[in-house]
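Data block for data04.txt (compact mmCIF, C-alpha atoms and all ligand atoms):
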```txt
# COMPACT_ATOMS: atom_id res chain seq x y z
CA MET A 1 -71.45 -35.68 79.21
CA GLU A 2 -73.63 -32.58 79.37
CA ASP A 3 -75.42 -33.89 82.45
CA LEU A 4 -72.20 -33.23 84.39
CA TYR A 5 -73.41 -29.67 84.56
CA LEU A 6 -76.38 -30.88 86.55
CA LYS A 7 -74.27 -32.41 89.28
CA THR A 8 -72.40 -30.94 92.20
CA LEU A 9 -68.70 -30.31 91.66
CA PRO A 10 -66.29 -32.93 93.08
CA GLY A 11 -65.77 -32.43 96.80
CA THR A 12 -69.05 -30.54 97.25
CA ARG A 13 -72.49 -31.82 98.15
CA ASP A 14 -76.08 -30.91 98.95
CA LEU A 15 -77.12 -31.10 102.57
CA LEU A 16 -80.57 -32.62 102.21
CA PRO A 17 -83.65 -32.21 104.44
CA GLY A 18 -83.11 -35.69 105.93
CA GLU A 19 -79.76 -34.66 107.45
CA ILE A 20 -80.26 -30.93 107.92
CA GLY A 21 -81.75 -31.38 111.41
CA ARG A 22 -78.34 -32.50 112.69
CA TRP A 23 -76.67 -29.45 111.21
CA GLN A 24 -79.26 -27.09 112.61
CA ALA A 25 -79.05 -28.72 116.04
CA VAL A 26 -75.26 -28.30 116.06
CA GLU A 27 -75.48 -24.70 114.92
CA GLU A 28 -78.16 -23.79 117.44
CA HIS A 29 -76.18 -25.50 120.15
CA ALA A 30 -73.06 -23.56 119.15
CA ARG A 31 -74.89 -20.24 119.26
CA ARG A 32 -76.15 -20.96 122.76
CA ILE A 33 -72.82 -22.14 124.15
CA PHE A 34 -70.75 -19.42 122.49
CA SER A 35 -73.05 -16.71 123.77
CA ASN A 36 -72.83 -18.18 127.29
CA TYR A 37 -69.10 -17.49 127.04
CA ALA A 38 -69.87 -13.92 125.81
CA PHE A 39 -68.83 -14.46 122.18
CA LEU A 40 -70.82 -12.54 119.56
CA GLU A 41 -71.26 -13.67 116.00
CA ILE A 42 -69.47 -12.05 113.08
CA ARG A 43 -70.34 -12.70 109.42
CA THR A 44 -67.62 -11.74 106.98
CA PRO A 45 -67.87 -12.03 103.18
CA ILE A 46 -67.15 -15.38 101.58
CA ILE A 47 -64.99 -13.67 98.93
CA GLU A 48 -62.03 -11.53 99.90
CA ALA A 49 -59.00 -10.03 98.16
CA THR A 50 -56.54 -12.86 97.45
CA GLU A 51 -53.78 -10.85 99.12
CA LEU A 52 -55.55 -11.17 102.50
CA PHE A 53 -55.04 -14.94 102.53
CA ALA A 54 -51.61 -14.81 100.89
CA ARG A 55 -50.47 -12.63 103.79
CA GLY A 56 -52.74 -13.95 106.53
CA ILE A 57 -52.17 -17.66 105.98
CA GLY A 58 -48.75 -17.50 104.32
CA GLY A 59 -47.47 -18.29 100.81
CA GLU A 60 -45.54 -21.29 102.10
CA THR A 61 -48.64 -23.20 103.21
CA ASP A 62 -50.44 -25.85 101.16
CA ILE A 63 -53.62 -23.81 101.49
CA VAL A 64 -52.24 -20.75 99.74
CA GLY A 65 -49.78 -22.63 97.51
CA LYS A 66 -52.16 -25.23 96.10
CA GLU A 67 -55.68 -25.14 97.43
CA MET A 68 -57.28 -21.73 96.97
CA TYR A 69 -60.22 -21.06 94.67
CA THR A 70 -58.90 -17.86 93.11
CA PHE A 71 -60.20 -15.99 90.11
CA ARG A 72 -60.31 -12.52 88.60
CA ASP A 73 -63.59 -10.66 88.90
CA GLN A 74 -65.01 -8.38 86.19
CA SER A 75 -62.79 -5.51 87.31
CA GLY A 76 -59.66 -7.65 87.00
CA ARG A 77 -59.15 -7.89 90.78
CA SER A 78 -57.87 -11.21 92.13
CA VAL A 79 -60.42 -12.59 94.59
CA THR A 80 -60.52 -15.84 96.56
CA LEU A 81 -63.23 -17.92 98.20
CA ARG A 82 -62.20 -17.95 101.84
CA PRO A 83 -60.25 -21.11 102.78
CA GLU A 84 -60.56 -20.23 106.49
CA ALA A 85 -61.99 -17.34 108.46
CA THR A 86 -59.36 -16.06 110.90
CA ALA A 87 -57.73 -13.74 108.36
CA SER A 88 -61.16 -12.32 107.48
CA VAL A 89 -62.08 -11.83 111.15
CA VAL A 90 -58.83 -9.97 111.82
CA ARG A 91 -59.35 -7.91 108.66
CA ALA A 92 -62.84 -6.97 109.88
CA TYR A 93 -61.47 -6.19 113.34
CA ILE A 94 -58.93 -3.77 111.86
CA GLN A 95 -61.22 -2.29 109.19
CA ASN A 96 -63.97 -1.56 111.73
CA THR A 97 -61.48 -0.33 114.36
CA MET A 98 -62.91 -2.78 116.86
CA TYR A 99 -59.70 -2.34 118.87
CA ARG A 100 -60.73 1.23 119.74
CA GLY A 101 -61.38 1.48 123.45
CA GLY A 102 -58.77 -1.15 124.14
CA GLY A 103 -60.99 -3.93 125.53
CA ILE A 104 -61.25 -7.57 124.67
CA THR A 105 -63.27 -8.63 121.61
CA LYS A 106 -64.77 -12.11 121.51
CA LEU A 107 -66.15 -13.26 118.17
CA TYR A 108 -67.42 -16.46 116.66
CA TYR A 109 -68.39 -17.46 113.12
CA ILE A 110 -70.17 -20.32 111.40
CA GLY A 111 -69.99 -20.91 107.67
CA PRO A 112 -68.55 -22.57 104.58
CA MET A 113 -64.85 -22.59 103.66
CA PHE A 114 -63.33 -23.63 100.34
CA ARG A 115 -60.13 -25.56 99.65
CA HIS A 116 -59.26 -27.42 96.47
CA GLU A 117 -57.91 -30.44 98.35
CA LYS A 118 -57.09 -33.90 97.05
CA LYS A 119 -60.13 -36.13 97.25
CA GLN A 120 -60.10 -38.07 100.50
CA LYS A 121 -62.65 -39.45 102.93
CA GLY A 122 -63.64 -36.76 105.44
CA ARG A 123 -62.18 -33.99 103.27
CA TRP A 124 -64.45 -31.71 101.29
CA ARG A 125 -63.72 -28.84 98.97
CA GLN A 126 -66.61 -26.92 100.45
CA PHE A 127 -66.71 -27.67 104.15
CA TYR A 128 -68.09 -25.92 107.20
CA GLN A 129 -66.36 -24.52 110.23
CA ILE A 130 -67.36 -23.00 113.52
CA GLY A 131 -64.65 -20.91 115.07
CA ALA A 132 -64.03 -18.47 117.89
CA GLU A 133 -61.43 -15.77 118.41
CA ILE A 134 -60.46 -13.68 121.44
CA LEU A 135 -58.71 -10.49 120.36
CA GLY A 136 -56.95 -8.12 122.73
CA SER A 137 -55.62 -10.38 125.48
CA ASP A 138 -52.36 -12.21 126.05
CA HIS A 139 -53.60 -13.70 129.32
CA PRO A 140 -53.15 -17.49 129.46
CA ALA A 141 -56.72 -17.67 130.83
CA ALA A 142 -57.87 -16.54 127.36
CA ASP A 143 -56.01 -19.50 125.82
CA ALA A 144 -57.62 -21.78 128.41
CA GLU A 145 -61.08 -20.39 127.68
CA ILE A 146 -60.71 -20.91 123.93
CA ILE A 147 -59.78 -24.53 124.56
CA GLU A 148 -62.52 -24.97 127.12
CA ILE A 149 -65.28 -23.67 124.87
CA ALA A 150 -64.25 -26.01 122.02
CA LEU A 151 -64.19 -29.01 124.36
CA HIS A 152 -67.38 -28.02 126.17
CA PHE A 153 -69.17 -27.69 122.83
CA LEU A 154 -68.07 -31.17 121.69
CA GLN A 155 -68.77 -32.78 125.03
CA SER A 156 -72.25 -31.32 125.30
CA LEU A 157 -73.04 -32.91 121.94
CA GLY A 158 -71.91 -36.27 123.29
CA VAL A 159 -68.73 -36.38 121.17
CA GLU A 160 -65.61 -37.92 122.72
CA SER A 161 -62.37 -36.08 122.01
CA LYS A 162 -58.81 -35.57 123.16
CA LEU A 163 -56.76 -32.38 123.49
CA LEU A 164 -53.21 -32.28 122.10
CA LEU A 165 -51.26 -29.33 123.46
CA ASN A 166 -48.00 -27.57 122.67
CA SER A 167 -46.24 -24.24 122.82
CA VAL A 168 -44.35 -23.02 119.75
CA GLY A 169 -42.45 -20.24 121.52
CA CYS A 170 -42.10 -16.74 120.12
CA PRO A 171 -39.84 -14.81 117.74
CA SER A 172 -37.31 -14.35 120.53
CA CYS A 173 -36.85 -18.02 121.51
CA ARG A 174 -37.90 -19.89 118.36
CA PRO A 175 -34.89 -18.99 116.13
CA LYS A 176 -32.49 -20.81 118.48
CA TYR A 177 -34.67 -23.91 118.30
CA ILE A 178 -34.96 -23.71 114.52
CA GLU A 179 -31.18 -23.43 114.24
CA LYS A 180 -30.81 -26.58 116.34
CA LEU A 181 -33.51 -28.31 114.29
CA ARG A 182 -31.75 -27.46 111.02
CA SER A 183 -28.45 -28.82 112.16
CA GLU A 184 -30.08 -32.04 113.42
CA LEU A 185 -32.01 -32.37 110.17
CA GLN A 186 -28.83 -32.17 108.09
CA LYS A 187 -27.91 -35.63 109.35
CA HIS A 188 -31.16 -37.19 108.14
CA LEU A 189 -32.01 -35.28 104.95
CA PRO A 190 -31.10 -38.09 102.48
CA LYS A 191 -33.51 -40.42 104.32
CA LEU A 192 -36.37 -37.93 104.57
CA CYS A 193 -39.13 -37.37 101.95
CA ALA A 194 -39.03 -34.65 99.28
CA ASP A 195 -41.46 -32.44 101.23
CA CYS A 196 -39.27 -32.64 104.35
CA ASN A 197 -36.23 -31.71 102.28
CA ARG A 198 -38.02 -28.70 100.83
CA ARG A 199 -39.41 -27.62 104.17
CA ALA A 200 -36.07 -28.05 105.94
CA ALA A 201 -34.85 -25.14 103.84
CA THR A 202 -37.98 -22.97 103.54
CA ASN A 203 -40.12 -23.54 106.63
CA THR A 204 -38.17 -25.78 108.96
CA LEU A 205 -40.78 -26.12 111.70
CA ARG A 206 -43.22 -27.71 109.27
CA VAL A 207 -40.93 -30.76 108.96
CA LEU A 208 -42.39 -31.77 112.32
CA ASP A 209 -45.82 -31.90 110.64
CA CYS A 210 -44.78 -34.58 108.11
CA LYS A 211 -47.14 -37.56 108.07
CA VAL A 212 -45.00 -39.85 105.84
CA GLU A 213 -44.43 -43.08 107.73
CA ASN A 214 -40.78 -43.55 106.75
CA CYS A 215 -39.91 -40.10 108.09
CA GLN A 216 -41.41 -40.68 111.55
CA PRO A 217 -38.46 -42.48 113.22
CA TYR A 218 -36.18 -39.55 112.32
CA ILE A 219 -38.72 -36.89 113.23
CA ASN A 220 -39.30 -38.51 116.62
CA GLU A 221 -35.59 -38.14 117.34
CA LEU A 222 -35.59 -34.37 116.75
CA PRO A 223 -35.33 -31.97 119.71
CA CYS A 224 -38.57 -30.65 121.25
CA ILE A 225 -39.46 -26.97 121.03
CA THR A 226 -40.70 -26.96 124.63
CA ASP A 227 -37.08 -27.47 125.79
CA TYR A 228 -36.14 -24.19 124.08
CA LEU A 229 -38.84 -21.82 125.35
CA CYS A 230 -37.78 -18.47 126.82
CA VAL A 231 -38.78 -17.64 130.39
CA GLU A 232 -41.90 -15.69 129.29
CA CYS A 233 -43.17 -18.43 126.95
CA SER A 234 -42.43 -21.11 129.47
CA ASP A 235 -44.28 -19.16 132.15
CA HIS A 236 -47.28 -18.61 129.81
CA PHE A 237 -47.36 -22.32 129.02
CA SER A 238 -47.26 -23.44 132.64
CA ARG A 239 -49.95 -20.93 133.65
CA LEU A 240 -52.14 -22.15 130.79
CA LYS A 241 -51.76 -25.71 132.06
CA THR A 242 -52.71 -24.59 135.56
CA TYR A 243 -55.90 -22.96 134.20
CA LEU A 244 -56.73 -26.11 132.24
CA GLU A 245 -56.21 -28.29 135.28
CA ALA A 246 -58.44 -26.00 137.35
CA ALA A 247 -61.15 -26.44 134.69
CA GLY A 248 -60.72 -30.21 134.88
CA ILE A 249 -59.37 -30.41 131.31
CA GLY A 250 -56.89 -33.17 130.56
CA TYR A 251 -54.39 -32.90 127.72
CA GLU A 252 -51.72 -34.86 125.96
CA PRO A 253 -48.41 -33.03 125.41
CA ALA A 254 -47.76 -32.87 121.65
CA PRO A 255 -44.25 -31.48 121.15
CA ARG A 256 -44.45 -32.04 117.36
CA LEU A 257 -47.62 -30.00 116.97
CA VAL A 258 -46.60 -26.78 115.22
CA ARG A 259 -47.89 -23.91 113.18
CA GLY A 260 -45.35 -22.99 110.56
CA LEU A 261 -45.73 -19.24 110.43
CA ASP A 262 -43.92 -16.55 112.35
CA TYR A 263 -47.03 -14.80 113.60
CA TYR A 264 -48.11 -17.89 115.55
CA VAL A 265 -46.77 -17.75 119.07
CA ARG A 266 -46.97 -19.86 122.19
CA THR A 267 -50.12 -21.99 122.41
CA ALA A 268 -50.86 -24.46 119.61
CA PHE A 269 -53.47 -27.17 120.02
CA GLU A 270 -55.50 -29.73 118.21
CA ILE A 271 -58.62 -31.60 119.27
CA VAL A 272 -58.90 -35.07 117.82
CA SER A 273 -61.74 -37.51 117.83
CA THR A 274 -61.16 -40.74 119.66
CA GLU A 275 -63.53 -42.40 117.14
CA LEU A 276 -62.56 -41.22 113.64
CA GLY A 277 -59.82 -42.93 111.62
CA ALA A 278 -57.14 -41.13 109.59
CA GLN A 279 -58.98 -37.80 109.31
CA ASN A 280 -59.48 -37.55 113.05
CA ALA A 281 -58.77 -33.83 113.58
CA LEU A 282 -61.90 -32.08 114.78
CA ALA A 283 -60.45 -28.68 115.60
CA GLY A 284 -57.20 -26.76 115.55
CA GLY A 285 -56.21 -23.52 117.14
CA GLY A 286 -53.51 -21.33 118.53
CA ARG A 287 -52.26 -17.92 119.44
CA TYR A 288 -51.54 -15.55 116.57
CA ASP A 289 -50.26 -12.36 118.19
CA GLY A 290 -48.48 -11.11 115.04
CA LEU A 291 -51.31 -11.43 112.50
CA SER A 292 -52.96 -8.04 112.95
CA GLU A 293 -49.72 -6.17 112.30
CA LEU A 294 -49.02 -8.34 109.28
CA LEU A 295 -52.39 -7.24 107.88
CA GLY A 296 -51.61 -3.55 108.49
CA GLY A 297 -53.36 -3.23 111.87
CA PRO A 298 -52.08 -2.39 115.34
CA PRO A 299 -50.28 -5.02 117.44
CA VAL A 300 -53.04 -7.24 118.88
CA HIS A 301 -52.79 -10.33 121.03
CA ALA A 302 -55.17 -12.98 119.80
CA ILE A 303 -56.07 -16.64 120.13
CA GLY A 304 -58.67 -18.76 118.37
CA PHE A 305 -59.73 -22.10 116.98
CA ALA A 306 -61.67 -23.55 114.06
CA LEU A 307 -63.72 -26.71 114.32
CA GLY A 308 -64.83 -28.80 111.33
CA LEU A 309 -68.60 -29.36 111.25
CA ASP A 310 -68.66 -32.00 108.50
CA ARG A 311 -66.77 -34.46 110.68
CA LEU A 312 -68.56 -33.47 113.86
CA VAL A 313 -71.97 -34.12 112.32
CA THR A 314 -70.99 -37.70 111.44
CA LEU A 315 -70.02 -38.29 115.07
CA LEU A 316 -73.26 -37.23 116.73
CA PRO A 317 -74.59 -40.14 118.77
CA GLU A 318 -77.51 -41.84 117.00
CA GLU A 319 -79.53 -42.12 120.21
CA ARG A 320 -79.98 -38.36 120.15
CA SER A 321 -81.36 -38.37 116.63
CA ALA A 322 -84.96 -37.92 117.85
CA GLN A 323 -83.90 -34.49 119.11
CA TRP A 324 -82.90 -33.17 115.72
CA GLN A 325 -85.56 -34.72 113.49
CA TRP A 326 -88.38 -32.42 112.47
CA ARG A 327 -91.70 -33.83 113.68
CA PRO A 328 -95.12 -32.21 113.43
CA GLU A 329 -96.85 -31.76 116.76
CA LEU A 330 -100.13 -32.15 114.92
CA PHE A 331 -100.99 -33.78 111.61
CA ILE A 332 -104.37 -32.61 110.31
CA ALA A 333 -106.27 -35.22 108.30
CA TYR A 334 -109.43 -34.23 106.45
CA MET A 335 -112.11 -35.81 104.29
CA GLY A 336 -113.71 -33.67 101.61
CA GLU A 337 -113.46 -30.06 100.43
CA PRO A 338 -115.35 -28.32 103.31
CA ALA A 339 -113.22 -30.22 105.85
CA PHE A 340 -110.10 -29.20 103.89
CA ASN A 341 -111.03 -25.53 104.28
CA LYS A 342 -111.50 -26.04 108.02
CA ALA A 343 -108.16 -27.87 108.18
CA LEU A 344 -106.46 -24.90 106.51
CA GLU A 345 -108.06 -22.54 109.02
CA ILE A 346 -107.03 -24.65 112.03
CA ALA A 347 -103.47 -25.10 110.72
CA ARG A 348 -103.15 -21.34 110.20
CA GLU A 349 -104.34 -20.55 113.74
CA LEU A 350 -102.12 -23.18 115.35
CA ARG A 351 -99.05 -22.03 113.41
CA ARG A 352 -99.69 -18.49 114.62
CA LEU A 353 -99.75 -19.94 118.14
CA ASN A 354 -96.34 -21.50 117.35
CA TYR A 355 -97.28 -25.16 116.85
CA ALA A 356 -95.73 -27.26 114.08
CA CYS A 357 -98.61 -28.57 111.94
CA TYR A 358 -98.62 -30.68 108.83
CA LEU A 359 -101.40 -30.54 106.28
CA ASP A 360 -101.23 -32.46 103.04
CA PHE A 361 -102.34 -30.88 99.78
CA LEU A 362 -102.76 -34.22 98.04
CA PRO A 363 -106.18 -35.44 99.23
CA GLY A 364 -106.10 -39.12 100.09
CA SER A 365 -108.04 -41.64 102.16
CA LEU A 366 -107.92 -41.37 105.94
CA LYS A 367 -105.77 -44.50 105.93
CA SER A 368 -103.17 -42.99 103.61
CA GLN A 369 -103.11 -39.75 105.62
CA LEU A 370 -102.54 -41.71 108.85
CA ARG A 371 -99.72 -43.61 107.14
CA LEU A 372 -98.07 -40.32 106.22
CA ALA A 373 -98.56 -38.98 109.75
CA ASN A 374 -96.73 -42.04 111.10
CA LYS A 375 -93.94 -41.66 108.58
CA LEU A 376 -93.42 -38.02 109.60
CA GLY A 377 -93.32 -39.01 113.26
CA ALA A 378 -96.34 -36.84 114.13
CA LYS A 379 -97.35 -37.02 117.76
CA HIS A 380 -101.06 -36.43 117.16
CA VAL A 381 -103.54 -36.49 114.30
CA LEU A 382 -106.61 -34.29 114.17
CA ILE A 383 -109.36 -35.86 112.06
CA ILE A 384 -111.95 -33.65 110.35
CA GLY A 385 -114.88 -35.12 108.40
CA ASP A 386 -118.40 -33.84 107.68
CA GLN A 387 -119.68 -34.92 111.10
CA GLU A 388 -116.87 -33.17 112.95
CA LEU A 389 -117.29 -30.08 110.84
CA TYR A 390 -120.98 -29.90 111.63
CA ARG A 391 -120.48 -30.33 115.37
CA GLN A 392 -117.29 -28.17 115.56
CA ARG A 393 -115.79 -30.99 117.58
CA TYR A 394 -112.88 -32.93 116.11
CA ALA A 395 -111.35 -36.33 116.68
CA LEU A 396 -107.85 -36.27 118.12
CA LYS A 397 -105.78 -39.43 117.87
CA SER A 398 -102.55 -39.86 119.79
CA LEU A 399 -100.03 -41.78 117.69
CA GLN A 400 -98.03 -42.54 120.80
CA ASP A 401 -100.70 -44.64 122.53
CA SER A 402 -103.50 -44.82 119.88
CA ARG A 403 -106.07 -43.20 122.18
CA GLN A 404 -108.74 -41.19 120.37
CA TRP A 405 -111.19 -38.65 121.76
CA GLU A 406 -113.22 -35.62 120.74
CA LEU A 407 -112.56 -31.97 121.46
CA SER A 408 -113.32 -28.41 120.37
CA PHE A 409 -110.70 -26.05 118.95
CA PRO A 410 -110.08 -24.24 122.29
CA GLU A 411 -109.73 -27.63 123.99
CA LEU A 412 -107.29 -28.70 121.29
CA VAL A 413 -105.10 -25.65 121.94
CA GLN A 414 -105.17 -26.36 125.65
CA TYR A 415 -104.31 -30.00 125.07
CA LEU A 416 -101.36 -29.20 122.75
CA GLN A 417 -100.03 -26.77 125.30
CA SER A 418 -100.08 -29.34 128.08
CA ALA A 419 -98.68 -32.04 125.75
CA ARG A 420 -95.75 -29.76 124.99
CA LYS A 421 -95.13 -29.10 128.66
CA GLY A 422 -95.31 -32.82 129.34
CA SER A 423 -92.71 -33.61 126.68
CA GLN A 424 -90.37 -31.06 128.21
CA THR A 425 -90.38 -32.63 131.65
P1 LIG B 501 -57.71 -25.97 109.83
O1 LIG B 501 -58.42 -24.70 109.44
O2 LIG B 501 -56.98 -26.60 108.67
O3 LIG B 501 -56.89 -25.83 111.08
O4 LIG B 501 -58.86 -27.02 110.16
C1 LIG B 501 -59.65 -26.97 111.31
C2 LIG B 501 -60.66 -28.12 111.24
O5 LIG B 501 -61.50 -27.96 110.10
C3 LIG B 501 -60.01 -29.48 111.04
O6 LIG B 501 -59.65 -30.04 112.28
C4 LIG B 501 -61.12 -30.27 110.36
O7 LIG B 501 -62.04 -30.77 111.31
C5 LIG B 501 -61.83 -29.21 109.52
N1 LIG B 501 -61.38 -29.26 108.10
C6 LIG B 501 -60.30 -28.68 107.55
N2 LIG B 501 -60.25 -28.92 106.22
C7 LIG B 501 -61.33 -29.70 105.94
C8 LIG B 501 -61.85 -30.29 104.73
N3 LIG B 501 -61.26 -30.12 103.56
N4 LIG B 501 -62.99 -31.04 104.82
C9 LIG B 501 -63.62 -31.20 106.00
N5 LIG B 501 -63.19 -30.67 107.16
C10 LIG B 501 -62.05 -29.92 107.14
```
Spell out the structure here as structure tokens.
Amino acid sequence: MEDLYLKTLPGTRDLLPGEIGRWQAVEEHARRIFSNYAFLEIRTPIIEATELFARGIGGETDIVGKEMYTFRDQSGRSVTLRPEATASVVRAYIQNTMYRGGGITKLYYIGPMFRHEKKQKGRWRQFYQIGAEILGSDHPAADAEIIEIALHFLQSLGVESKLLLNSVGCPSCRPKYIEKLRSELQKHLPKLCADCNRRAATNTLRVLDCKVENCQPYINELPCITDYLCVECSDHFSRLKTYLEAAGIGYEPAPRLVRGLDYYVRTAFEIVSTELGAQNALAGGGRYDGLSELLGGPPVHAIGFALGLDRLVTLLPEERSAQWQWRPELFIAYMGEPAFNKALEIARELRRLNYACYLDFLPGSLKSQLRLANKLGAKHVLIIGDQELYRQRYALKSLQDSRQWELSFPELVQYLQSARKGSQT
């Protein structure tokens, strides 16, 4: 069994060159869109003190209770591979006193997260998220913008999705609702699953999250949190909806959508794919006004979301695949050693001029080089043999329409420039 050591761990995988173009396209796209909304990137460490997540995500959650990759480092400190990034972002915000000056801070991140989850289709133990956070504002327009950017990002990639929206109230109105929920739950406890029974006592709101089929009829009968909102939360929720409507964003009310921890307030949302099956959640987010204080920082209003890249990448429409495949603009074919040296020189000059060139180091016949050029999707092939070398004029073959003609190096550069312009129009 020793070859097990030469394989990836369960729930992890290599992202190979054949699929990496999709990932890069998504990441590049994210960077552009997020910066259009004035979000700047933050990169926090992948390992953090375990306590950060225990406090920042909550000991009651599955993530902290069962799924963290935690170990002791050489100094005996308990460290954890980050299972999500919001706690780290808020830690960085506090540690670097980014709240100084009192303005709004808009941050985004892209990177791997780690959760030791049960094996399931669409669930990985190392997976990738893109997320955005707005710190320093309790304005409902900030909530609307966070939702808008997530939807805009998905839509611009051609991915169909649906917004599920709820408000989970605040520490002043939620206790009354939870009390009501507990008393209603008492009637059904013997019929509900073991998790529901446990949560009814420890983290009552999370009962609403239960996915067990037999529990659903009882859960659907439970009162809705939106009927218990205080005036301020209710006002925030209706203003958020007005902003969404003004942005042309439709939503589906989701009164059972909750976040189980006290520091989550008001807005909670999920974005689901209209195409994926059981694991259809693409993104989740909400307002977490109490998190900074919980981590030892000042009171800070904040809202954010995290979007799963692994699922998103599988949803990218195939007809766009040409956009994310790497293709050489020029394949340079050569015959013989002197031509090879010229090919190296031309490739070097073109790369300095920012053209993608391919040059093979395994000398083969012209036929085999043309075959490779086709396989790579090259747009043009430059052919250099003794004749061409002598005359300093090369044969250029278009693989799009099979035309072939002769040109000098300066003419080649000019041609590539105009070909690039042409492909952009
Ligand atoms: P969460 O941080 O749990 O709110 O998740 C936000 C998004 O990340 C989800 O909607 C999924 O798209 C994605 N996600 C969460 N966990 C996983 C996982 N184990 N594998 C793949 N994607 C995940």
Each residue of chain A with at least one atom at most 9 Å from ligand LIG 501 (chain B) should appear once, together with its nearest atom pair and the corresponding distance in Å (one decimal); atoms considered: only C-alpha atoms and all ligand atoms; ordering: chain, then increasing residue number; output as a tab-separated table.
```
residue	atom	partner	partner_atom	distance
A:Gly11	CA	B:LIG501	N3	8.4
A:Ile63	CA	B:LIG501	O2	8.4
A:Pro83	CA	B:LIG501	O1	7.8
A:Glu84	CA	B:LIG501	O1	5.8
A:Ala85	CA	B:LIG501	O1	8.2
A:Thr86	CA	B:LIG501	O1	8.8
A:Met113	CA	B:LIG501	N2	8.2
A:Phe114	CA	B:LIG501	N3	7.5
A:Arg115	CA	B:LIG501	N3	6.1
A:His116	CA	B:LIG501	N3	7.8
A:Glu117	CA	B:LIG501	N3	6.2
A:Lys118	CA	B:LIG501	N3	8.6
A:Lys119	CA	B:LIG501	N3	8.8
A:Gln120	CA	B:LIG501	N3	8.6
A:Lys121	CA	B:LIG501	N4	8.6
A:Gly122	CA	B:LIG501	C9	5.6
A:Arg123	CA	B:LIG501	N4	3.4
A:Trp124	CA	B:LIG501	N4	3.9
A:Arg125	CA	B:LIG501	N3	5.4
A:Gln126	CA	B:LIG501	N3	7.0
A:Phe127	CA	B:LIG501	C9	5.0
A:Tyr128	CA	B:LIG501	N5	6.8
A:Gln129	CA	B:LIG501	O5	6.0
A:Ile130	CA	B:LIG501	O5	8.4
A:Gly131	CA	B:LIG501	C1	8.7
A:Glu270	CA	B:LIG501	O6	7.2
A:Ile271	CA	B:LIG501	O6	7.2
A:Val272	CA	B:LIG501	O6	7.5
A:Gln279	CA	B:LIG501	C4	7.9
A:Asn280	CA	B:LIG501	O7	7.5
A:Ala281	CA	B:LIG501	O6	4.1
A:Leu282	CA	B:LIG501	O7	3.7
A:Ala283	CA	B:LIG501	O6	3.7
A:Gly284	CA	B:LIG501	O3	4.6
A:Gly285	CA	B:LIG501	O3	6.5
A:Phe305	CA	B:LIG501	C1	7.5
A:Ala306	CA	B:LIG501	C1	4.8
A:Leu307	CA	B:LIG501	C2	4.6
A:Gly308	CA	B:LIG501	O7	3.4
A:Leu309	CA	B:LIG501	O7	6.7
A:Asp310	CA	B:LIG501	C9	5.7
A:Arg311	CA	B:LIG501	O7	6.0
A:Leu312	CA	B:LIG501	O7	7.5
```
| task | State, in Å with one decimal place, the distance from CA of Gly250 (chain A) to CA of Leu151 (chain A). | result |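 We find that CA of Gly250 (chain A) and CA of Leu151 (chain A) lie 10.4 Å from each other.
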| said: Please report the interatomic distance between CA of Leu205 (chain A) and CA of Arg256 (chain A) in Å with one decimal. | reply: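 Result for CA of Leu205 (chain A) versus CA of Arg256 (chain A): 9.0 Å, one decimal.
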| Residues within 9 Å of Glu148 (chain A), all atoms listed in the file, excluding chain neighbours under 3 positions, as a ChimeraX atom specification | /A:143-145,151-153,244,247,249
| said: Taking 5 positions as the minimum chain separation for residues in the same chain, which residues sit within 10 Å of Glu184 (chain A) when counting only C-alpha atoms? Answer as an MDAnalysis selection string. | reply: chainID A and resid 178:179 189 218:219 221:223
| Counting only C-alpha atoms, the residue of A:Leu135, A:Gln155, A:Tyr109, A:Phe39 that sits nearest Pro317 (chain A) | A:Gln155
| message | What's the separation between CA of Leu164 (chain A) and CA of Arg199 (chain A), in Å to one decimal place? | response |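 Between these atoms lies a distance of 23.1 Å.
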| query | For Pro298 (chain A), which residue out of A:Gly377, A:Gly136, A:Gly56, A:Gly422 is the nearest one, using all atoms listed in the file? | reply |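 Checking each candidate against Pro298 (chain A), we get A:Gly136 as the closest.
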Given all atoms listed in the file, how would the per-residue table for region 104-209 of chain A near region 14-29 of chain A read, listing every residue at most 10 Å away with its closest atom pair and distance in Å to one decimal, sorted by chain and number, as a Markdown table?
```
| residue | atom | partner | partner_atom | distance |
| --- | --- | --- | --- | --- |
| A:Ile110 | CA | A:Glu27 | CA | 7.7 |
| A:Gly111 | CA | A:Glu27 | CA | 9.9 |
| A:Ile130 | CA | A:Glu27 | CA | 8.4 |
| A:Phe153 | CA | A:His29 | CA | 7.8 |
| A:Leu154 | CA | A:Val26 | CA | 9.6 |
| A:Ser156 | CA | A:His29 | CA | 8.7 |
| A:Leu157 | CA | A:Val26 | CA | 7.8 |
```
